[in-house]
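To start, the structure under review is shown below, and the notes come after it.
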Amino acid sequence: MKTSFSKWGVLLSAALLLGLSSSVYAQATRTWVSGVGDDVNPCSRTAPCKTFAGAISKTAAGGEIDVLDDGGFGSVTITKSITINGGGHLAGILAAGAGVNGVIINAAATDVVVLRGLSFLGASGAASAVRYLAAKYVVVEDSTIDGFAYGVNMAVSVVNGRMNIRNVQMTNATTATSTYGIHIGAPNSISTISNVTIRGYSYGLTTRGGTTYLRGSTIVANDTGYNNLGGSLLSFGDNMVNGNTLDGTPTGSIPHF
């Protein structure tokens, strides 16, 4: 009897160790998604996942999710450092429904999130394409945003937020009465906006706190171009803010070097 229990104990320990080992090594530094993938896959290049939400649980903190081909990859909530890279494909994120967001970033105060080469499409009252609730640093680049009440929305509760928005084209296509292209809310935040086009919103660029740097960008055909509710907007002097019902003015300028 003692021998039998001992044998079962060894087998049980081995099974537990195998399960633990599998869970530890389930996350990869680089994972892949495809329009013809499946979220039951390991998200490898030869067996990609279908959605960003499916891939993120299999991607290690600090890793990257890459897009293999054109497709719609769904909304996702990010709680760790990660890069999502469209890789030159039509990497779509469709958010449909009242209050639905494309990407929610609610990570640790030490985490860095990069969103690159994505196509955001909102419908039926979608809220924010990118909702930045918490993270050390957020980058949104080489992307398009259409049909959201908020394009990129930094919450006022973000602690010392850092954000870089570069090469992003955003257009409001909603019937909402108060819409924001870029909303920067956090006190003590530092944001840089470059080569961005914002059009068709109630408020193109709104600052509530922190310091924002704007260069090489176009803010046109909005009700209010720049909406200063706090903080400061420093312009490099090479922006076009025109054709809005009210253009608004930066709080200061920075010379070119």
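Order determines the names: the first chain of the structure tokens is A, the second B, and so forth; residues in each chain are numbered 1 upward, and ligands are numbered 1 upward as they are shown.
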
>> Can you pull out every residue from stretch 198-234 of chain A that DSSP, working from the backbone, puts in strand (DSSP E), and format the result as a VMD selection string?
In response: chain A and resid 198 to 199 203 to 207 211 to 215 218 to 220 224 to 228 232 to 234

>> Excluding A:Arg30 and its own-chain neighbours fewer than 6 positions away, which residues fall within 6 Å of it when counting only C-alpha atoms? Please give them as an MDAnalysis selection string.
In response: chainID A and resid 63:65

Just to be explicit: take each residue in the selection above, keep C-alpha atoms, and write the result as an mmCIF file, in the first residue's frame.
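Writing the result to out.cif gives the following:
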data_model
loop_
_atom_site.group_PDB
_atom_site.id
_atom_site.type_symbol
_atom_site.label_atom_id
_atom_site.label_comp_id
_atom_site.auth_asym_id
_atom_site.auth_seq_id
_atom_site.Cartn_x
_atom_site.Cartn_y
_atom_site.Cartn_z
ATOM 1 C CA GLY A 63 6.684 41.405 -26.362
ATOM 2 C CA GLU A 64 5.109 42.124 -29.730
ATOM 3 C CA ILE A 65 2.014 41.019 -31.631
#

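For A:Ala98, the list of residues within 9 Å, based on only C-alpha atoms and with local chain neighbours fewer than 4 positions off taken out, reads Ala123, Ser124, Gly125, Ala126 and Ala127 of chain A.
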
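Of the listed residues (A:Ala47, A:Val113, A:Ile78, A:Met154), A:Val113 comes nearest to A:Gly62; the distances count only C-alpha atoms.
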
>> Residues within 10 Å of A:Asn167, please, as number ranges by chain. Count only C-alpha atoms; anything in the same chain fewer than 5 positions from it doesn't count.
In response: A: 116-117, 140-144, 193-197, 216-217

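By chain and then residue number, the residues within 6 Å of stretch 188-192 of chain A are Asn160, Gly161, Arg162, Met163, Asn164, Gly210, Thr211, Thr212 and Tyr213 of chain A, counting only C-alpha atoms and disregarding those fewer than 3 positions away in sequence.
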
> Of the residues A:Ala134, A:Val114, A:Ala60, A:Ala129, which is the one nearest to A:Ser75, using only C-alpha atoms?
Replying inline: A:Ala129

>> To one decimal place in Å, what is the distance between atom CA of A:Gly86 and atom CA of A:Val158?
In response: 26.3 Å

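The space separating atom CA of A:Leu234 from atom CA of A:Ile198 comes to 17.1 Å.
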
> Contacts of A:Ile104 at 8 Å or less, counting only C-alpha atoms, minus same-chain residues fewer than 4 places along, as a PyMOL selection string?
Replying inline: chain A and resi 76-78+130-133

>> Can you pull out the residues contacting A:Pro250? Cut-off 12 Å, using only C-alpha atoms, and skip same-chain residues under 4 positions away; I want them as JSON, numbers by chain.
In response: {"A": [205, 206, 207, 211, 212, 213, 214, 215, 225, 226, 227, 228, 229, 230, 231, 232, 233, 234, 235, 236, 237, 239, 240, 241, 254]}

May I have the residues from that selection written out with C-alpha atoms, as a compact mmCIF listing (two decimals), in the first residue's frame?
# COMPACT_ATOMS: atom_id res chain seq x y z
CA LEU A 205 -7.26 68.99 -29.88
CA THR A 206 -8.16 69.51 -26.22
CA THR A 207 -5.68 69.93 -23.37
CA THR A 211 2.52 70.11 -21.70
CA THR A 212 1.78 69.24 -25.32
CA TYR A 213 4.15 69.78 -28.26
CA LEU A 214 2.62 70.12 -31.74
CA ARG A 215 4.47 70.08 -35.03
CA GLY A 225 -9.52 73.56 -33.55
CA TYR A 226 -7.58 73.91 -30.31
CA ASN A 227 -9.56 73.81 -27.06
CA ASN A 228 -7.46 74.88 -24.06
CA LEU A 229 -9.04 73.80 -20.76
CA GLY A 230 -5.72 73.74 -18.91
CA GLY A 231 -2.10 72.89 -19.44
CA SER A 232 -0.11 74.29 -22.34
CA LEU A 233 0.24 73.74 -26.08
CA LEU A 234 3.61 74.64 -27.58
CA SER A 235 3.76 74.93 -31.37
CA PHE A 236 6.82 74.55 -33.57
CA GLY A 237 5.18 77.00 -35.99
CA ASN A 239 1.18 73.51 -38.20
CA MET A 240 -1.99 74.39 -40.11
CA VAL A 241 -4.87 75.19 -37.77
CA ILE A 254 9.23 76.72 -29.80

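Nearest to A:Phe120 of all the residues A:Ile184, A:Thr171, A:Val156, A:Ala107 is A:Thr171, counting only C-alpha atoms.
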
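With distances taken over only C-alpha atoms, A:Val103 is the one residue among A:Val103, A:Ala91, A:Asn85, A:Gly209 lying closest to A:Ala53.
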
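Among the candidates A:Thr110, A:Gly99, A:Arg166, A:Phe52, the residue lying nearest to A:Thr83 is A:Phe52 (atoms considered: only C-alpha atoms).
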